[in-house]
Amino acid sequence: MISRYTAEIGTATLTAGLGLAAVVGALEFGIGWGDAGPEPGAFPFYIGLLVVATSLGTLIQATVGRHGLQSVFLHKEEAKRVASFFLPMLAFVVVARLLGLYVATALYLAVVMWVQGKYRLVISVASGIAAAIIFYFALEVAFQVPLLKGPLEAALGLY
Amino acid sequence: MENFASLLHGFGVALTTYHVMLMMIGVLLGILVGVLPGLGAPNGVSLLLPLTFTMDPVAAIILLTSMYWGALFGGSTTSILFNIPGEPSSVATTFDGYPMARQGQATQALTLAFLSAGFGALVGVILITVLSTWVAKFALRFSSPEYFAVYFLAFASFIGLGAASPFKTVVSMGLGFAFAAVGMDTVSGGLRLTYGFNELLSGISFLIAVIGLFGIGELMLTMEEGLRFDGIRARVKIRDVFKTIATLPRYWVTLLRSAAVGCWMGVTPGGPTAASFMSYGLAKRLSRRKEGFGQGEPEGVVAPETADHAAGSSAILPMLALGVPGSATAAVMMGGLMIWGLNPGPMLFVERPDFVWGLIASMYLGNIVAVLMVLATIPLFASILRIPFAIIGPVIVVVCFIGAYTVAGRPFDLWLALAFGVVGYLFKKLDYPIAPLVLAMVLGDKAEDAFRQSMIMSRGSLSIFWSNGLVTTLMLIGLALAFGPLLSSALGRLMKPKASSAVA
């Protein structure tokens, strides 16, 4: 169980970190006055500072109002549901990078339908493959937009 | 009247079989993304945008705006039938729409929603027709400092008018600007903020951000809440539709008031969501039947719907005439305009009048097409939500990632979309507003250019933002919008110490 307070602090720290990254990154390109007006780093530098400052504002606000933020941010049950959605999605991206988007689509839909949707394996696999084929015709044939492909498409000679 | 002649010319551009067909396709796709949870107007438009890169700009914008209208209608449908707002801007419609549907008045609720929405949109488009040339002519006098002041004004109004904590609004906006800065610097042409990653050389596309923040983030939230559709079976009966149409004039005060609220919130970047809530609140406060609100009061459907659509369509006005979009979806469309090689702003009216007036004319037609199509196809779309979420959810995920890949054909964007999804989930749960981030990503380069050119003009002195009446006025309005609510609440707290301990 995560409290709202922890989540606020975590997120504000994350945004402060991103702001700091912009500040540090901008320093490399000069933040002063160059031949052509302000140097490329100037705008990101001050934007980064603003993000850091307002993140600190949120941090202070959360710390001061800590008693009002003890409500639950994420139950165990909710966390399980989010994880059961997020992890397959993460796997989908990893597989898409390795085997291409079409194969990943077929696998992802089939596995999620079979494991989480409790459909029969045959129906799940058939639906996954059907979806991949529909996407192929809609994108590559109708709109002529190529998607990320992997070894399977290469073996089938589809480019 | 010069605008009227231009509008007639615009109808000539828009009224071809091809364009009307695109409108119908756009509206259907729009209703689809509006009905599906996790897919809303902003990321529906983002997903479709890469497919329009090769189209003629007039045809492409007609397709995208029609999708926008469709999505607004689709969002209201699920609010009424399922008590699930398909769009954030139709949350207020659930308050009275769903109770009406439960009392067996689904047809009445839907018809009222669609008609008042159509009315709101019409008022918005009329506003655009009347004002756009004037605003554009006015904006022709703008140079860099004035442009920067307008952008400042737009962002300041988010801070002042938004319901979220001002710190969170600024964080979200600042991150948007920072993401926009990654990659090529438009002034010097050099690279920056790439941290040595080749993947970041071409920058971070705002489309990826929208798909992640609105699409994947929203889906994660939906999954967390453990989605259950508890829908009401609705058959749209033609007789009830006509009966309801006859009752519409009864609500003329609400219609006009809500349209005015909507237009105001659409032109300023308050956006449709704020407009619908504000309009609902006003209607409830001013109604003679206050007790009925929340239990199926027709006025409670009319008010948010009118304002929602009035805001949605009038948000196009500042986008076209000033290059400052009034809503997240308008921001995405403006990004699209820039990708097609058009430069939104006053010069667009001079350089591409056929595009501008074709678009405005198509908004009249598109909304009529949308009202008719939505009435005809609602039973069909409502049945989509009866497909189990174990199928629909993953299909939406796949569509989002495929959409992310088609933006630029870069595998790295899949990771970016996932990362933005996680950020969107956290931001939504913690009440960080997302629209400022998207707006900042689209406007980032333009705002920075305006700022840097102003600095060059003034040799580095900030006083250029107070150098003439126009720019001073714009900056002062901006400052008043940003700090006004803060000051007034601080003053209120000083007057009444210890009165409230609420943390905003």
# chains A, B, ... in the order shown; residues from 1 in each chain; ligands from 1

$ select_by_dssp --residues "region 190-324 of chain B" --states "alpha helix (DSSP H)" --output "short mmCIF file (atom, residue, chain, number, x, y, z; two decimals) with N, CA, C and O atoms, in the first residue's frame"
data_model
loop_
_atom_site.label_atom_id
_atom_site.label_comp_id
_atom_site.auth_asym_id
_atom_site.auth_seq_id
_atom_site.Cartn_x
_atom_site.Cartn_y
_atom_site.Cartn_z
N PHE B 206 5.54 15.66 -30.03
CA PHE B 206 4.41 15.88 -29.14
C PHE B 206 3.35 14.80 -29.34
O PHE B 206 2.57 14.51 -28.44
N LEU B 207 3.33 14.20 -30.54
CA LEU B 207 2.34 13.15 -30.79
C LEU B 207 2.58 11.95 -29.89
O LEU B 207 1.64 11.35 -29.36
N ILE B 208 3.85 11.59 -29.71
CA ILE B 208 4.19 10.47 -28.83
C ILE B 208 3.73 10.81 -27.40
O ILE B 208 3.16 9.97 -26.70
N ALA B 209 3.99 12.05 -27.00
CA ALA B 209 3.60 12.46 -25.65
C ALA B 209 2.08 12.34 -25.47
O ALA B 209 1.61 11.83 -24.46
N VAL B 210 1.32 12.78 -26.47
CA VAL B 210 -0.13 12.73 -26.36
C VAL B 210 -0.61 11.28 -26.29
O VAL B 210 -1.45 10.92 -25.46
N GLY B 217 -1.72 6.25 -20.39
CA GLY B 217 -1.94 6.66 -19.00
C GLY B 217 -3.39 6.48 -18.59
O GLY B 217 -3.69 5.95 -17.51
N GLU B 218 -4.30 6.91 -19.46
CA GLU B 218 -5.73 6.79 -19.18
C GLU B 218 -6.15 5.33 -19.03
O GLU B 218 -6.93 4.98 -18.15
N LEU B 219 -5.59 4.47 -19.91
CA LEU B 219 -5.91 3.04 -19.84
C LEU B 219 -5.46 2.44 -18.51
O LEU B 219 -6.20 1.64 -17.91
N MET B 220 -4.27 2.82 -18.06
CA MET B 220 -3.77 2.28 -16.79
C MET B 220 -4.70 2.66 -15.65
O MET B 220 -5.00 1.86 -14.77
N LEU B 221 -5.19 3.89 -15.71
CA LEU B 221 -6.11 4.35 -14.68
C LEU B 221 -7.43 3.58 -14.75
O LEU B 221 -7.98 3.16 -13.73
N THR B 222 -7.91 3.36 -15.98
CA THR B 222 -9.15 2.60 -16.16
C THR B 222 -9.00 1.19 -15.61
O THR B 222 -9.88 0.67 -14.95
N MET B 223 -7.83 0.57 -15.87
CA MET B 223 -7.61 -0.80 -15.41
C MET B 223 -7.56 -0.84 -13.89
O MET B 223 -8.08 -1.74 -13.26
N GLU B 224 -6.90 0.17 -13.31
CA GLU B 224 -6.76 0.21 -11.86
C GLU B 224 -8.12 0.25 -11.19
O GLU B 224 -8.37 -0.40 -10.19
N ILE B 238 -37.58 6.96 -33.02
CA ILE B 238 -37.72 8.17 -33.83
C ILE B 238 -38.76 9.12 -33.23
O ILE B 238 -38.55 10.33 -33.17
N ARG B 239 -39.87 8.55 -32.72
CA ARG B 239 -40.92 9.43 -32.19
C ARG B 239 -40.43 10.23 -31.00
O ARG B 239 -40.68 11.42 -30.87
N ASP B 240 -39.69 9.54 -30.10
CA ASP B 240 -39.15 10.23 -28.93
C ASP B 240 -38.17 11.32 -29.33
O ASP B 240 -38.09 12.36 -28.69
N VAL B 241 -37.40 11.06 -30.40
CA VAL B 241 -36.45 12.05 -30.86
C VAL B 241 -37.19 13.34 -31.21
O VAL B 241 -36.82 14.43 -30.76
N PHE B 242 -38.28 13.21 -32.01
CA PHE B 242 -39.00 14.41 -32.43
C PHE B 242 -39.68 15.09 -31.25
O PHE B 242 -39.70 16.32 -31.16
N LYS B 243 -40.22 14.29 -30.33
CA LYS B 243 -40.84 14.87 -29.14
C LYS B 243 -39.81 15.69 -28.36
O LYS B 243 -40.11 16.78 -27.86
N THR B 244 -38.60 15.15 -28.25
CA THR B 244 -37.57 15.85 -27.48
C THR B 244 -37.15 17.14 -28.19
O THR B 244 -36.90 18.15 -27.54
N ILE B 245 -37.08 17.07 -29.52
CA ILE B 245 -36.71 18.27 -30.27
C ILE B 245 -37.70 19.38 -29.95
O ILE B 245 -37.31 20.54 -29.75
N ALA B 246 -38.97 19.02 -29.82
CA ALA B 246 -39.99 20.03 -29.55
C ALA B 246 -39.80 20.68 -28.18
O ALA B 246 -40.19 21.83 -27.97
N THR B 247 -39.16 19.95 -27.23
CA THR B 247 -38.99 20.52 -25.89
C THR B 247 -37.76 21.42 -25.80
O THR B 247 -37.59 22.15 -24.83
N TRP B 252 -34.01 27.65 -23.65
CA TRP B 252 -33.22 28.63 -24.41
C TRP B 252 -32.27 29.44 -23.54
O TRP B 252 -31.15 29.74 -23.95
N VAL B 253 -32.68 29.75 -22.29
CA VAL B 253 -31.78 30.53 -21.42
C VAL B 253 -30.51 29.73 -21.15
O VAL B 253 -29.38 30.21 -21.29
N THR B 254 -30.70 28.45 -20.75
CA THR B 254 -29.55 27.59 -20.47
C THR B 254 -28.67 27.45 -21.71
O THR B 254 -27.44 27.49 -21.61
N LEU B 255 -29.32 27.27 -22.85
CA LEU B 255 -28.56 27.09 -24.09
C LEU B 255 -27.66 28.29 -24.35
O LEU B 255 -26.46 28.14 -24.60
N LEU B 256 -28.25 29.48 -24.27
CA LEU B 256 -27.47 30.68 -24.59
C LEU B 256 -26.38 30.91 -23.57
O LEU B 256 -25.23 31.19 -23.91
N ARG B 257 -26.73 30.76 -22.27
CA ARG B 257 -25.73 31.00 -21.23
C ARG B 257 -24.57 30.01 -21.38
O ARG B 257 -23.40 30.39 -21.35
N SER B 258 -24.91 28.73 -21.59
CA SER B 258 -23.87 27.71 -21.68
C SER B 258 -23.00 27.93 -22.91
O SER B 258 -21.78 27.72 -22.86
N ALA B 259 -23.63 28.36 -24.02
CA ALA B 259 -22.84 28.61 -25.23
C ALA B 259 -21.86 29.75 -24.98
O ALA B 259 -20.70 29.69 -25.41
N ALA B 260 -22.32 30.77 -24.25
CA ALA B 260 -21.43 31.90 -23.96
C ALA B 260 -20.26 31.44 -23.09
O ALA B 260 -19.09 31.76 -23.37
N VAL B 261 -20.56 30.66 -22.04
CA VAL B 261 -19.49 30.14 -21.18
C VAL B 261 -18.51 29.32 -22.01
O VAL B 261 -17.29 29.47 -21.91
N GLY B 262 -19.07 28.46 -22.86
CA GLY B 262 -18.23 27.59 -23.68
C GLY B 262 -17.33 28.38 -24.60
O GLY B 262 -16.13 28.10 -24.71
N CYS B 263 -17.88 29.38 -25.27
CA CYS B 263 -17.08 30.17 -26.21
C CYS B 263 -15.94 30.87 -25.48
O CYS B 263 -14.80 30.89 -25.94
N TRP B 264 -16.26 31.41 -24.31
CA TRP B 264 -15.23 32.12 -23.54
C TRP B 264 -14.11 31.17 -23.15
O TRP B 264 -12.94 31.44 -23.35
N MET B 265 -14.48 29.99 -22.60
CA MET B 265 -13.48 29.04 -22.15
C MET B 265 -12.72 28.42 -23.32
O MET B 265 -11.60 27.96 -23.16
N GLY B 266 -13.36 28.40 -24.50
CA GLY B 266 -12.68 27.82 -25.65
C GLY B 266 -11.66 28.78 -26.24
O GLY B 266 -10.57 28.38 -26.65
N VAL B 267 -12.01 30.05 -26.26
CA VAL B 267 -11.10 31.04 -26.85
C VAL B 267 -9.91 31.25 -25.94
O VAL B 267 -8.76 31.26 -26.38
N GLY B 271 -10.46 25.55 -22.00
CA GLY B 271 -10.75 24.25 -22.58
C GLY B 271 -12.14 23.74 -22.27
O GLY B 271 -12.84 24.25 -21.39
N PRO B 272 -12.58 22.71 -23.02
CA PRO B 272 -13.93 22.17 -22.91
C PRO B 272 -14.26 21.60 -21.53
O PRO B 272 -15.39 21.71 -21.06
N THR B 273 -13.26 20.98 -20.87
CA THR B 273 -13.55 20.33 -19.59
C THR B 273 -13.98 21.36 -18.56
O THR B 273 -15.02 21.22 -17.90
N ALA B 274 -13.17 22.41 -18.44
CA ALA B 274 -13.51 23.47 -17.49
C ALA B 274 -14.84 24.11 -17.87
O ALA B 274 -15.67 24.41 -17.01
N ALA B 275 -15.07 24.29 -19.17
CA ALA B 275 -16.30 24.92 -19.64
C ALA B 275 -17.53 24.12 -19.22
O ALA B 275 -18.51 24.68 -18.73
N SER B 276 -17.48 22.78 -19.39
CA SER B 276 -18.66 21.99 -19.09
C SER B 276 -18.97 22.00 -17.60
O SER B 276 -20.12 22.10 -17.19
N PHE B 277 -17.93 21.94 -16.77
CA PHE B 277 -18.16 21.98 -15.32
C PHE B 277 -18.72 23.32 -14.88
O PHE B 277 -19.66 23.40 -14.09
N MET B 278 -18.12 24.39 -15.45
CA MET B 278 -18.56 25.72 -15.05
C MET B 278 -20.01 25.93 -15.46
O MET B 278 -20.83 26.45 -14.69
N SER B 279 -20.35 25.49 -16.66
CA SER B 279 -21.69 25.67 -17.16
C SER B 279 -22.71 24.86 -16.34
O SER B 279 -23.80 25.34 -16.02
N TYR B 280 -22.32 23.64 -15.95
CA TYR B 280 -23.20 22.82 -15.13
C TYR B 280 -23.43 23.49 -13.78
O TYR B 280 -24.55 23.59 -13.28
N GLY B 281 -22.33 24.00 -13.21
CA GLY B 281 -22.43 24.67 -11.92
C GLY B 281 -23.35 25.88 -11.99
O GLY B 281 -24.21 26.07 -11.12
N LEU B 282 -23.20 26.67 -13.05
CA LEU B 282 -24.03 27.86 -13.21
C LEU B 282 -25.50 27.48 -13.37
O LEU B 282 -26.39 28.07 -12.75
N ALA B 283 -25.74 26.46 -14.20
CA ALA B 283 -27.11 26.05 -14.46
C ALA B 283 -27.78 25.60 -13.16
O ALA B 283 -28.93 25.93 -12.88
N LYS B 284 -27.02 24.87 -12.35
CA LYS B 284 -27.56 24.36 -11.10
C LYS B 284 -27.88 25.52 -10.16
O LYS B 284 -28.94 25.54 -9.51
N ARG B 285 -26.97 26.49 -10.12
CA ARG B 285 -27.17 27.59 -9.19
C ARG B 285 -28.34 28.47 -9.61
O ARG B 285 -29.09 28.99 -8.80
N LEU B 286 -28.51 28.64 -10.92
CA LEU B 286 -29.51 29.59 -11.40
C LEU B 286 -30.85 28.94 -11.71
O LEU B 286 -31.82 29.63 -12.01
N GLU B 299 -32.05 19.87 -17.85
CA GLU B 299 -31.19 21.04 -17.93
C GLU B 299 -29.74 20.69 -17.59
O GLU B 299 -28.80 21.30 -18.11
N GLY B 300 -29.56 19.71 -16.71
CA GLY B 300 -28.22 19.27 -16.32
C GLY B 300 -27.50 18.52 -17.43
O GLY B 300 -26.31 18.26 -17.33
N VAL B 301 -28.25 18.13 -18.46
CA VAL B 301 -27.61 17.53 -19.64
C VAL B 301 -27.32 18.62 -20.66
O VAL B 301 -26.26 18.67 -21.27
N VAL B 302 -28.31 19.52 -20.80
CA VAL B 302 -28.19 20.57 -21.81
C VAL B 302 -26.99 21.47 -21.51
O VAL B 302 -26.18 21.76 -22.40
N ALA B 303 -26.85 21.89 -20.25
CA ALA B 303 -25.83 22.88 -19.91
C ALA B 303 -24.40 22.41 -20.21
O ALA B 303 -23.69 23.08 -20.97
N PRO B 304 -23.95 21.26 -19.67
CA PRO B 304 -22.56 20.89 -19.95
C PRO B 304 -22.31 20.56 -21.42
O PRO B 304 -21.24 20.86 -21.94
N GLU B 305 -23.30 19.95 -22.06
CA GLU B 305 -23.10 19.56 -23.46
C GLU B 305 -22.93 20.77 -24.37
O GLU B 305 -22.07 20.82 -25.24
N THR B 306 -23.79 21.78 -24.17
CA THR B 306 -23.69 22.98 -24.99
C THR B 306 -22.32 23.63 -24.81
O THR B 306 -21.63 23.98 -25.77
N ALA B 307 -21.91 23.76 -23.54
CA ALA B 307 -20.64 24.43 -23.25
C ALA B 307 -19.46 23.63 -23.79
O ALA B 307 -18.52 24.19 -24.36
N ASP B 308 -19.53 22.32 -23.61
CA ASP B 308 -18.46 21.44 -24.07
C ASP B 308 -18.19 21.65 -25.57
O ASP B 308 -17.07 21.89 -26.00
N HIS B 309 -19.26 21.60 -26.36
CA HIS B 309 -19.07 21.70 -27.81
C HIS B 309 -18.79 23.14 -28.26
O HIS B 309 -18.05 23.35 -29.23
N ALA B 310 -19.39 24.11 -27.56
CA ALA B 310 -19.08 25.50 -27.90
C ALA B 310 -17.59 25.75 -27.67
O ALA B 310 -16.91 26.37 -28.50
N ALA B 311 -17.06 25.22 -26.56
CA ALA B 311 -15.64 25.39 -26.27
C ALA B 311 -14.79 24.63 -27.28
O ALA B 311 -13.78 25.14 -27.78
N GLY B 312 -15.22 23.41 -27.59
CA GLY B 312 -14.46 22.59 -28.53
C GLY B 312 -14.30 23.27 -29.88
O GLY B 312 -13.22 23.28 -30.47
N SER B 313 -15.38 23.86 -30.39
CA SER B 313 -15.27 24.47 -31.71
C SER B 313 -14.63 25.85 -31.65
O SER B 313 -13.82 26.19 -32.50
N SER B 314 -14.93 26.63 -30.61
CA SER B 314 -14.32 27.97 -30.59
C SER B 314 -12.83 27.91 -30.27
O SER B 314 -12.11 28.88 -30.51
N ILE B 316 -10.83 26.49 -31.94
CA ILE B 316 -10.16 26.56 -33.24
C ILE B 316 -9.82 28.02 -33.59
O ILE B 316 -8.89 28.28 -34.33
N LEU B 317 -10.60 28.97 -33.05
CA LEU B 317 -10.39 30.39 -33.40
C LEU B 317 -8.98 30.89 -33.06
O LEU B 317 -8.26 31.34 -33.95
N PRO B 318 -8.55 30.80 -31.78
CA PRO B 318 -7.20 31.28 -31.50
C PRO B 318 -6.12 30.46 -32.21
O PRO B 318 -5.07 30.99 -32.55
N MET B 319 -6.41 29.19 -32.46
CA MET B 319 -5.43 28.37 -33.17
C MET B 319 -5.19 28.91 -34.57
O MET B 319 -4.06 29.08 -35.01
N LEU B 320 -6.29 29.21 -35.28
CA LEU B 320 -6.17 29.68 -36.66
C LEU B 320 -5.63 31.10 -36.71
O LEU B 320 -4.73 31.41 -37.48
N ALA B 321 -6.22 31.98 -35.89
CA ALA B 321 -5.95 33.40 -36.05
C ALA B 321 -4.66 33.84 -35.36
O ALA B 321 -3.99 34.75 -35.81
N LEU B 322 -4.31 33.18 -34.24
CA LEU B 322 -3.13 33.60 -33.49
C LEU B 322 -2.03 32.55 -33.47
O LEU B 322 -0.89 32.86 -33.15
#

$ interface_residues --of "chain B" --to "chain A" --cutoff "8 Å" --atoms "only C-alpha atoms" --output "VMD selection string"
chain B and resid 51 167 to 168 170 to 171 174 to 175 177 to 178 181 185 187 to 188 190 192 to 195 220 to 221 223 to 226 390 to 391 394 to 395 397 to 398 402 405 to 406 409 411 414 to 415 418 426 430 448 452 to 453 455 to 456 459 to 460 503

$ residues_around --residues "Gly336 (chain B)" --least-positions-apart "2" --cutoff "10 Å" --atoms "only C-alpha atoms" --output "tab-separated table (two decimals) with N, CA, C and O atoms, in the first residue's frame"
chain	number	residue	atom	x	y	z
B	45	VAL	N	-6.91	12.04	-32.56
B	45	VAL	CA	-6.36	12.90	-33.61
B	45	VAL	C	-4.87	12.61	-33.80
B	45	VAL	O	-4.36	12.55	-34.91
B	46	SER	N	-4.14	12.39	-32.67
B	46	SER	CA	-2.71	12.08	-32.78
B	46	SER	C	-2.47	10.79	-33.55
B	46	SER	O	-1.52	10.69	-34.32
B	49	LEU	N	-3.20	11.40	-37.28
B	49	LEU	CA	-2.39	12.43	-37.94
B	49	LEU	C	-1.30	11.87	-38.88
B	49	LEU	O	-1.19	12.32	-40.02
B	50	PRO	N	-0.52	10.86	-38.42
B	50	PRO	CA	0.53	10.37	-39.32
B	50	PRO	C	-0.02	9.82	-40.64
B	50	PRO	O	0.68	9.83	-41.65
B	52	THR	N	-2.29	11.16	-42.35
B	52	THR	CA	-2.74	12.25	-43.22
B	52	THR	C	-1.57	13.03	-43.82
B	52	THR	O	-1.80	13.98	-44.55
B	53	PHE	N	-0.34	12.63	-43.47
B	53	PHE	CA	0.81	13.41	-43.94
B	53	PHE	C	0.83	13.55	-45.46
B	53	PHE	O	1.29	14.54	-46.00
B	57	PRO	N	-3.79	19.26	-47.46
B	57	PRO	CA	-4.10	19.83	-46.14
B	57	PRO	C	-5.58	20.09	-45.89
B	57	PRO	O	-6.06	19.83	-44.78
B	60	ALA	N	-7.15	16.83	-45.18
B	60	ALA	CA	-6.65	16.28	-43.92
B	60	ALA	C	-7.29	16.98	-42.72
B	60	ALA	O	-7.73	16.32	-41.77
B	61	ILE	N	-7.39	18.31	-42.78
B	61	ILE	CA	-7.95	19.02	-41.62
B	61	ILE	C	-9.44	18.73	-41.49
B	61	ILE	O	-9.97	18.65	-40.39
B	64	LEU	N	-9.64	15.45	-39.71
B	64	LEU	CA	-9.27	15.54	-38.29
B	64	LEU	C	-10.32	16.30	-37.47
B	64	LEU	O	-10.67	15.88	-36.37
B	207	LEU	N	3.33	14.20	-30.54
B	207	LEU	CA	2.34	13.15	-30.79
B	207	LEU	C	2.58	11.95	-29.89
B	207	LEU	O	1.64	11.35	-29.36
B	330	ALA	N	-6.92	20.94	-30.06
B	330	ALA	CA	-6.56	21.99	-31.01
B	330	ALA	C	-5.04	22.11	-31.10
B	330	ALA	O	-4.51	22.38	-32.18
B	331	ALA	N	-4.35	21.87	-30.00
B	331	ALA	CA	-2.89	21.92	-30.01
B	331	ALA	C	-2.34	20.84	-30.93
B	331	ALA	O	-1.42	21.08	-31.72
B	332	VAL	N	-2.92	19.64	-30.84
B	332	VAL	CA	-2.46	18.55	-31.70
B	332	VAL	C	-2.72	18.90	-33.17
B	332	VAL	O	-1.86	18.70	-34.03
B	333	MET	N	-3.91	19.47	-33.45
B	333	MET	CA	-4.22	19.82	-34.84
B	333	MET	C	-3.27	20.90	-35.35
B	333	MET	O	-2.85	20.89	-36.49
B	334	MET	N	-2.94	21.84	-34.45
B	334	MET	CA	-2.03	22.89	-34.87
B	334	MET	C	-0.65	22.30	-35.18
B	334	MET	O	-0.01	22.70	-36.16
B	338	MET	N	1.44	22.48	-38.80
B	338	MET	CA	2.86	22.83	-38.98
B	338	MET	C	3.57	21.71	-39.74
B	338	MET	O	4.46	21.97	-40.54
B	339	ILE	N	3.17	20.45	-39.46
B	339	ILE	CA	3.80	19.33	-40.18
B	339	ILE	C	3.43	19.39	-41.67
B	339	ILE	O	4.25	19.08	-42.53
B	340	TRP	N	2.20	19.82	-41.99
B	340	TRP	CA	1.81	19.92	-43.40
B	340	TRP	C	2.44	21.12	-44.07
B	340	TRP	O	2.16	21.41	-45.24
B	341	GLY	N	3.21	21.90	-43.33
B	341	GLY	CA	3.88	23.05	-43.92
B	341	GLY	C	3.07	24.32	-43.89
B	341	GLY	O	3.38	25.27	-44.58
B	342	LEU	N	1.99	24.34	-43.09
B	342	LEU	CA	1.22	25.57	-42.95
B	342	LEU	C	1.64	26.26	-41.67
B	342	LEU	O	2.00	25.60	-40.70
B	442	VAL	N	3.87	21.75	-28.13
B	442	VAL	CA	3.56	22.23	-29.48
B	442	VAL	C	4.09	23.64	-29.68
B	442	VAL	O	4.66	23.98	-30.71

$ residues_around --residues "Pro433 (chain B)" --least-positions-apart "6" --cutoff "8 Å" --atoms "only C-alpha atoms" --output "number ranges by chain"
B: 164, 168-169, 172, 427

$ select_by_dssp --residues "region 114-281 of chain B" --states "strand (DSSP E)" --output "MDAnalysis selection string"
chainID B and resid 183:184 191:192
